[in-house]
Each structure stands twice: as structure tokens, then as C-alpha cells.
Amino acid sequence: MNKKGQTLVLFIILIPILLGLAALLVDTSYIVSKNVELKELSRTIITKLYQEDDEQKIIEMFKNNDIPVENLEIDKNSDWLKIKNTYEIESIFGKIIGLNKYKIKVNITGKFENGKIKFE
């Protein structure tokens, strides 16, 4: 009995599933990468600019790193600095299943206690 036909059918069925999983992996990696980039930049900004009153410098740092600032919220007090930002990125493979954009957001507060910065 020849089983070459059965193997071919199984292979043809599995190819779209494997390609879909690979596309999901690429999109998920892209989302995680952008989220980590936004969090680390926000922490760096809080660390470097917590003593300055110029919000324009914070906005410029986001723009210099190609992060949109349309939804950027900066809340500053003498004891803490809070950065909240949200933006959307284009999906790479999610368009196949109807996900055109992914939302990336961060909400970090840096509190200044005993000369050190603690993040929440």
C-alpha cells in the first residue's frame, strides 16, 4: 500500500498552520519589543530628568527615539514624576486575521525617596 498521498495531504494541511504560528510569533515579538522600548525609555527619562521642570525635554527625548507623543501625559510633583503614554503600531501579520493595529502603553511613576528613584 502506497502512503505517499497521505503524507502529501498531511503536509499541505500543516503548512498554513505552521505559517500562522510563525506569523503570530513575529507579531508577538514585535509587540513585546516595542513595549519594552517604551518602558525603558520612560524609566531613563525619569532617572535623568526628574529634577528638571522642563516638560519639553521629556517630549524631545520621546521624539528623538521615534515614539509618538500625541497621548503623552506628564505629571510632576516635587516627590514623583509620572509618565503615561499610549500609541498604536501597525500589525505585520495580524492583518490576515483582522488585527490592523496593536496598542502600546506605559504608565510609570518614579518616586524619589532617600536620594534614590523607585519605580511603580
# chains A, B, ... in the order shown; residues from 1 in each chain; ligands from 1

call {"tool": "closest_atom_pairs", "arguments": {"of": "stretch 1-72 of chain A", "to": "stretch 111-115 of chain A", "cutoff": "10 Å", "atoms": "only C-alpha atoms", "output": "CSV"}}
result
residue,atom,partner,partner_atom,distance
A:Ile46,CA,A:Lys111,CA,9.3
A:Thr47,CA,A:Phe112,CA,9.7
A:Tyr50,CA,A:Phe112,CA,8.6
A:Gln51,CA,A:Phe112,CA,9.9

call {"tool": "select_by_dssp", "arguments": {"residues": "chain A", "states": "alpha helix (DSSP H)", "output": "compact mmCIF listing (two decimals) with N, CA, C and O atoms, in the first residue's frame"}}
result
# COMPACT_ATOMS: atom_id res chain seq x y z
N LYS A 4 2.30 7.66 0.12
CA LYS A 4 2.83 8.97 -0.29
C LYS A 4 1.73 10.01 -0.39
O LYS A 4 1.93 11.17 -0.08
N GLY A 5 0.57 9.62 -0.80
CA GLY A 5 -0.55 10.56 -0.92
C GLY A 5 -1.01 11.07 0.44
O GLY A 5 -1.35 12.23 0.61
N GLN A 6 -1.01 10.21 1.44
CA GLN A 6 -1.43 10.59 2.77
C GLN A 6 -0.45 11.60 3.37
O GLN A 6 -0.85 12.57 4.02
N THR A 7 0.82 11.39 3.14
CA THR A 7 1.85 12.30 3.65
C THR A 7 1.73 13.66 2.99
O THR A 7 1.86 14.70 3.64
N LEU A 8 1.46 13.68 1.69
CA LEU A 8 1.31 14.94 0.97
C LEU A 8 0.11 15.73 1.50
O LEU A 8 0.20 16.94 1.71
N VAL A 9 -0.99 15.08 1.73
CA VAL A 9 -2.19 15.75 2.25
C VAL A 9 -1.91 16.31 3.64
O VAL A 9 -2.27 17.45 3.96
N LEU A 10 -1.27 15.52 4.49
CA LEU A 10 -0.93 15.99 5.83
C LEU A 10 0.01 17.19 5.77
O LEU A 10 -0.17 18.17 6.51
N PHE A 11 0.98 17.14 4.88
CA PHE A 11 1.93 18.24 4.71
C PHE A 11 1.20 19.50 4.25
O PHE A 11 1.45 20.60 4.77
N ILE A 12 0.28 19.38 3.31
CA ILE A 12 -0.47 20.54 2.79
C ILE A 12 -1.36 21.12 3.88
O ILE A 12 -1.56 22.33 3.96
N ILE A 13 -1.89 20.31 4.75
CA ILE A 13 -2.73 20.81 5.84
C ILE A 13 -1.88 21.52 6.90
O ILE A 13 -2.29 22.53 7.46
N LEU A 14 -0.70 21.00 7.18
CA LEU A 14 0.13 21.57 8.24
C LEU A 14 0.86 22.86 7.84
O LEU A 14 1.17 23.67 8.71
N ILE A 15 1.12 23.07 6.57
CA ILE A 15 1.86 24.27 6.14
C ILE A 15 1.16 25.55 6.56
O ILE A 15 1.79 26.42 7.16
N PRO A 16 -0.15 25.76 6.30
CA PRO A 16 -0.79 27.01 6.75
C PRO A 16 -0.79 27.18 8.27
O PRO A 16 -0.66 28.30 8.77
N ILE A 17 -0.92 26.07 8.97
CA ILE A 17 -0.91 26.15 10.44
C ILE A 17 0.47 26.60 10.93
O ILE A 17 0.57 27.49 11.79
N LEU A 18 1.51 26.04 10.39
CA LEU A 18 2.87 26.43 10.79
C LEU A 18 3.18 27.87 10.39
O LEU A 18 3.81 28.60 11.16
N LEU A 19 2.74 28.28 9.22
CA LEU A 19 2.95 29.68 8.81
C LEU A 19 2.17 30.64 9.71
O LEU A 19 2.67 31.72 10.06
N GLY A 20 0.97 30.25 10.10
CA GLY A 20 0.19 31.09 11.02
C GLY A 20 0.85 31.22 12.38
O GLY A 20 0.88 32.31 12.97
N LEU A 21 1.39 30.14 12.89
CA LEU A 21 2.09 30.19 14.18
C LEU A 21 3.36 31.05 14.09
O LEU A 21 3.68 31.79 15.02
N ALA A 22 4.07 30.94 12.98
CA ALA A 22 5.27 31.76 12.78
C ALA A 22 4.90 33.25 12.71
O ALA A 22 5.58 34.09 13.29
N ALA A 23 3.81 33.57 12.02
CA ALA A 23 3.35 34.96 11.93
C ALA A 23 2.95 35.49 13.30
O ALA A 23 3.25 36.63 13.66
N LEU A 24 2.26 34.67 14.08
CA LEU A 24 1.87 35.05 15.44
C LEU A 24 3.11 35.31 16.31
O LEU A 24 3.14 36.27 17.08
N LEU A 25 4.10 34.47 16.17
CA LEU A 25 5.34 34.64 16.92
C LEU A 25 6.04 35.94 16.55
O LEU A 25 6.51 36.68 17.43
N VAL A 26 6.08 36.27 15.27
CA VAL A 26 6.72 37.52 14.84
C VAL A 26 5.96 38.73 15.37
O VAL A 26 6.56 39.68 15.90
N ASP A 27 4.63 38.72 15.26
CA ASP A 27 3.84 39.84 15.77
C ASP A 27 3.98 40.00 17.28
O ASP A 27 4.14 41.11 17.79
N THR A 28 3.93 38.90 18.01
CA THR A 28 4.07 38.96 19.46
C THR A 28 5.44 39.49 19.86
O THR A 28 5.55 40.32 20.77
N SER A 29 6.46 39.05 19.18
CA SER A 29 7.81 39.54 19.46
C SER A 29 7.92 41.03 19.19
O SER A 29 8.56 41.77 19.95
N TYR A 30 7.31 41.50 18.13
CA TYR A 30 7.33 42.92 17.78
C TYR A 30 6.62 43.75 18.85
O TYR A 30 7.11 44.80 19.27
N ILE A 31 5.49 43.27 19.32
CA ILE A 31 4.73 43.98 20.36
C ILE A 31 5.54 44.06 21.65
O ILE A 31 5.65 45.12 22.28
N VAL A 32 6.10 42.94 22.06
CA VAL A 32 6.90 42.91 23.29
C VAL A 32 8.11 43.83 23.18
O VAL A 32 8.44 44.57 24.11
N SER A 33 8.75 43.82 22.03
CA SER A 33 9.92 44.66 21.81
C SER A 33 9.57 46.15 21.93
O SER A 33 10.27 46.92 22.59
N LYS A 34 8.48 46.56 21.31
CA LYS A 34 8.06 47.96 21.37
C LYS A 34 7.63 48.35 22.78
O LYS A 34 7.87 49.46 23.23
N ASN A 35 6.99 47.44 23.49
CA ASN A 35 6.55 47.71 24.85
C ASN A 35 7.76 47.89 25.78
O ASN A 35 7.80 48.80 26.61
N VAL A 36 8.75 47.02 25.65
CA VAL A 36 9.97 47.13 26.46
C VAL A 36 10.71 48.42 26.12
O VAL A 36 11.21 49.11 27.01
N GLU A 37 10.76 48.77 24.84
CA GLU A 37 11.42 50.00 24.43
C GLU A 37 10.76 51.22 25.08
O GLU A 37 11.45 52.10 25.60
N LEU A 38 9.42 51.26 25.09
CA LEU A 38 8.71 52.38 25.70
C LEU A 38 8.92 52.42 27.21
O LEU A 38 9.16 53.49 27.78
N LYS A 39 8.89 51.28 27.88
CA LYS A 39 9.09 51.25 29.33
C LYS A 39 10.50 51.69 29.71
O LYS A 39 10.69 52.48 30.63
N GLU A 40 11.49 51.18 29.01
CA GLU A 40 12.88 51.52 29.34
C GLU A 40 13.18 52.98 29.04
O GLU A 40 13.91 53.63 29.80
N LEU A 41 12.64 53.50 27.96
CA LEU A 41 12.83 54.92 27.67
C LEU A 41 12.17 55.78 28.74
O LEU A 41 12.76 56.78 29.19
N SER A 42 10.99 55.40 29.17
CA SER A 42 10.30 56.16 30.22
C SER A 42 11.09 56.13 31.53
O SER A 42 11.23 57.15 32.20
N ARG A 43 11.65 54.98 31.87
CA ARG A 43 12.47 54.89 33.08
C ARG A 43 13.74 55.73 32.96
O ARG A 43 14.16 56.38 33.91
N THR A 44 14.35 55.71 31.79
CA THR A 44 15.55 56.52 31.57
C THR A 44 15.23 58.00 31.69
O THR A 44 15.98 58.76 32.30
N ILE A 45 14.12 58.40 31.13
CA ILE A 45 13.71 59.81 31.21
C ILE A 45 13.47 60.21 32.65
O ILE A 45 13.90 61.28 33.09
N ILE A 46 12.77 59.37 33.40
CA ILE A 46 12.51 59.68 34.81
C ILE A 46 13.83 59.78 35.57
O ILE A 46 14.02 60.69 36.38
N THR A 47 14.75 58.88 35.31
CA THR A 47 16.03 58.88 36.01
C THR A 47 16.85 60.13 35.70
O THR A 47 17.43 60.73 36.60
N LYS A 48 16.87 60.53 34.43
CA LYS A 48 17.72 61.65 34.03
C LYS A 48 17.09 63.01 34.22
O LYS A 48 17.78 63.99 34.47
N LEU A 49 15.77 63.11 34.11
CA LEU A 49 15.13 64.42 34.08
C LEU A 49 14.18 64.68 35.25
O LEU A 49 13.36 65.57 35.16
N GLU A 55 9.14 70.22 30.72
CA GLU A 55 8.48 69.08 30.10
C GLU A 55 8.86 68.93 28.64
O GLU A 55 8.76 67.86 28.07
N GLN A 56 9.31 70.02 28.03
CA GLN A 56 9.69 69.98 26.62
C GLN A 56 10.87 69.03 26.39
O GLN A 56 10.94 68.37 25.37
N LYS A 57 11.78 68.92 27.36
CA LYS A 57 12.91 68.00 27.23
C LYS A 57 12.43 66.55 27.21
O LYS A 57 12.97 65.71 26.49
N ILE A 58 11.41 66.25 28.01
CA ILE A 58 10.85 64.90 28.03
C ILE A 58 10.22 64.59 26.68
O ILE A 58 10.44 63.52 26.11
N ILE A 59 9.46 65.53 26.16
CA ILE A 59 8.82 65.35 24.85
C ILE A 59 9.87 65.16 23.76
O ILE A 59 9.73 64.28 22.89
N GLU A 60 10.94 65.93 23.82
CA GLU A 60 12.00 65.82 22.81
C GLU A 60 12.69 64.45 22.88
O GLU A 60 13.04 63.88 21.84
N MET A 61 12.88 63.91 24.09
CA MET A 61 13.50 62.59 24.20
C MET A 61 12.63 61.50 23.57
O MET A 61 13.14 60.59 22.92
N PHE A 62 11.32 61.61 23.76
CA PHE A 62 10.43 60.64 23.11
C PHE A 62 10.50 60.80 21.59
O PHE A 62 10.57 59.82 20.87
N LYS A 63 10.47 62.04 21.12
CA LYS A 63 10.52 62.27 19.67
C LYS A 63 11.85 61.81 19.08
O LYS A 63 11.87 61.27 17.97
N ASN A 64 12.95 62.01 19.79
CA ASN A 64 14.26 61.58 19.30
C ASN A 64 14.35 60.06 19.18
O ASN A 64 15.17 59.55 18.41

call {"tool": "atom_distance", "arguments": {"atom1": "atom CA of A:Val106", "atom2": "atom CA of A:Asp66"}}
result
15.4 Å

call {"tool": "residues_around", "arguments": {"residues": "stretch 74-90 of chain A", "least_positions_apart": "2", "cutoff": "7 Å", "atoms": "only C-alpha atoms", "output": "PyMOL selection string"}}
result
chain A and resi 42+46+50+68+71-72+92+100-112

call {"tool": "write_last_selection", "arguments": {"atoms": "N, CA and C atoms", "output": "CSV table (one decimal), in the first residue's frame"}}
result
chain,number,residue,atom,x,y,z
A,42,SER,N,11.0,55.4,29.2
A,42,SER,CA,10.3,56.2,30.2
A,42,SER,C,11.1,56.1,31.5
A,46,ILE,N,12.8,59.4,33.4
A,46,ILE,CA,12.5,59.7,34.8
A,46,ILE,C,13.8,59.8,35.6
A,50,TYR,N,14.3,63.9,36.3
A,50,TYR,CA,13.3,64.1,37.4
A,50,TYR,C,13.5,65.4,38.1
A,68,PRO,N,5.7,58.3,19.3
A,68,PRO,CA,4.7,59.4,19.2
A,68,PRO,C,4.3,59.9,20.6
A,71,ASN,N,-0.5,61.2,22.8
A,71,ASN,CA,-1.2,60.8,24.0
A,71,ASN,C,-0.3,60.8,25.3
A,72,LEU,N,0.8,61.5,25.2
A,72,LEU,CA,1.7,61.6,26.3
A,72,LEU,C,1.2,62.5,27.4
A,92,ILE,N,2.1,43.4,11.6
A,92,ILE,CA,2.8,42.9,10.5
A,92,ILE,C,2.0,41.8,9.8
A,100,ASN,N,-5.4,45.1,12.7
A,100,ASN,CA,-4.6,46.0,11.9
A,100,ASN,C,-3.6,46.8,12.8
A,101,LYS,N,-3.9,47.0,14.0
A,101,LYS,CA,-3.0,47.8,14.9
A,101,LYS,C,-3.0,47.2,16.3
A,102,TYR,N,-1.9,47.4,17.0
A,102,TYR,CA,-1.7,47.0,18.4
A,102,TYR,C,-1.5,48.2,19.2
A,103,LYS,N,-2.0,48.2,20.4
A,103,LYS,CA,-1.8,49.4,21.3
A,103,LYS,C,-0.7,49.1,22.2
A,104,ILE,N,0.2,50.1,22.3
A,104,ILE,CA,1.4,50.0,23.2
A,104,ILE,C,1.2,51.1,24.3
A,105,LYS,N,1.2,50.7,25.5
A,105,LYS,CA,1.0,51.7,26.6
A,105,LYS,C,2.0,51.5,27.8
A,106,VAL,N,2.2,52.6,28.4
A,106,VAL,CA,3.0,52.6,29.6
A,106,VAL,C,2.5,53.6,30.6
A,107,ASN,N,2.6,53.2,31.9
A,107,ASN,CA,2.2,54.1,33.0
A,107,ASN,C,3.2,53.9,34.1
A,108,ILE,N,4.2,54.7,34.2
A,108,ILE,CA,5.3,54.5,35.1
A,108,ILE,C,5.4,55.8,36.0
A,109,THR,N,5.5,55.5,37.3
A,109,THR,CA,5.7,56.6,38.3
A,109,THR,C,7.1,56.4,39.0
A,110,GLY,N,7.9,57.4,39.0
A,110,GLY,CA,9.2,57.4,39.7
A,110,GLY,C,9.1,58.2,40.9
A,111,LYS,N,9.2,57.6,42.1
A,111,LYS,CA,9.2,58.3,43.3
A,111,LYS,C,10.6,58.5,43.8
A,112,PHE,N,10.8,59.6,44.4
A,112,PHE,CA,12.2,60.0,44.9
A,112,PHE,C,12.2,59.9,46.4

call {"tool": "atom_distance", "arguments": {"atom1": "atom CA of A:Gly94", "atom2": "atom CA of A:Glu73"}}
result
28.6 Å
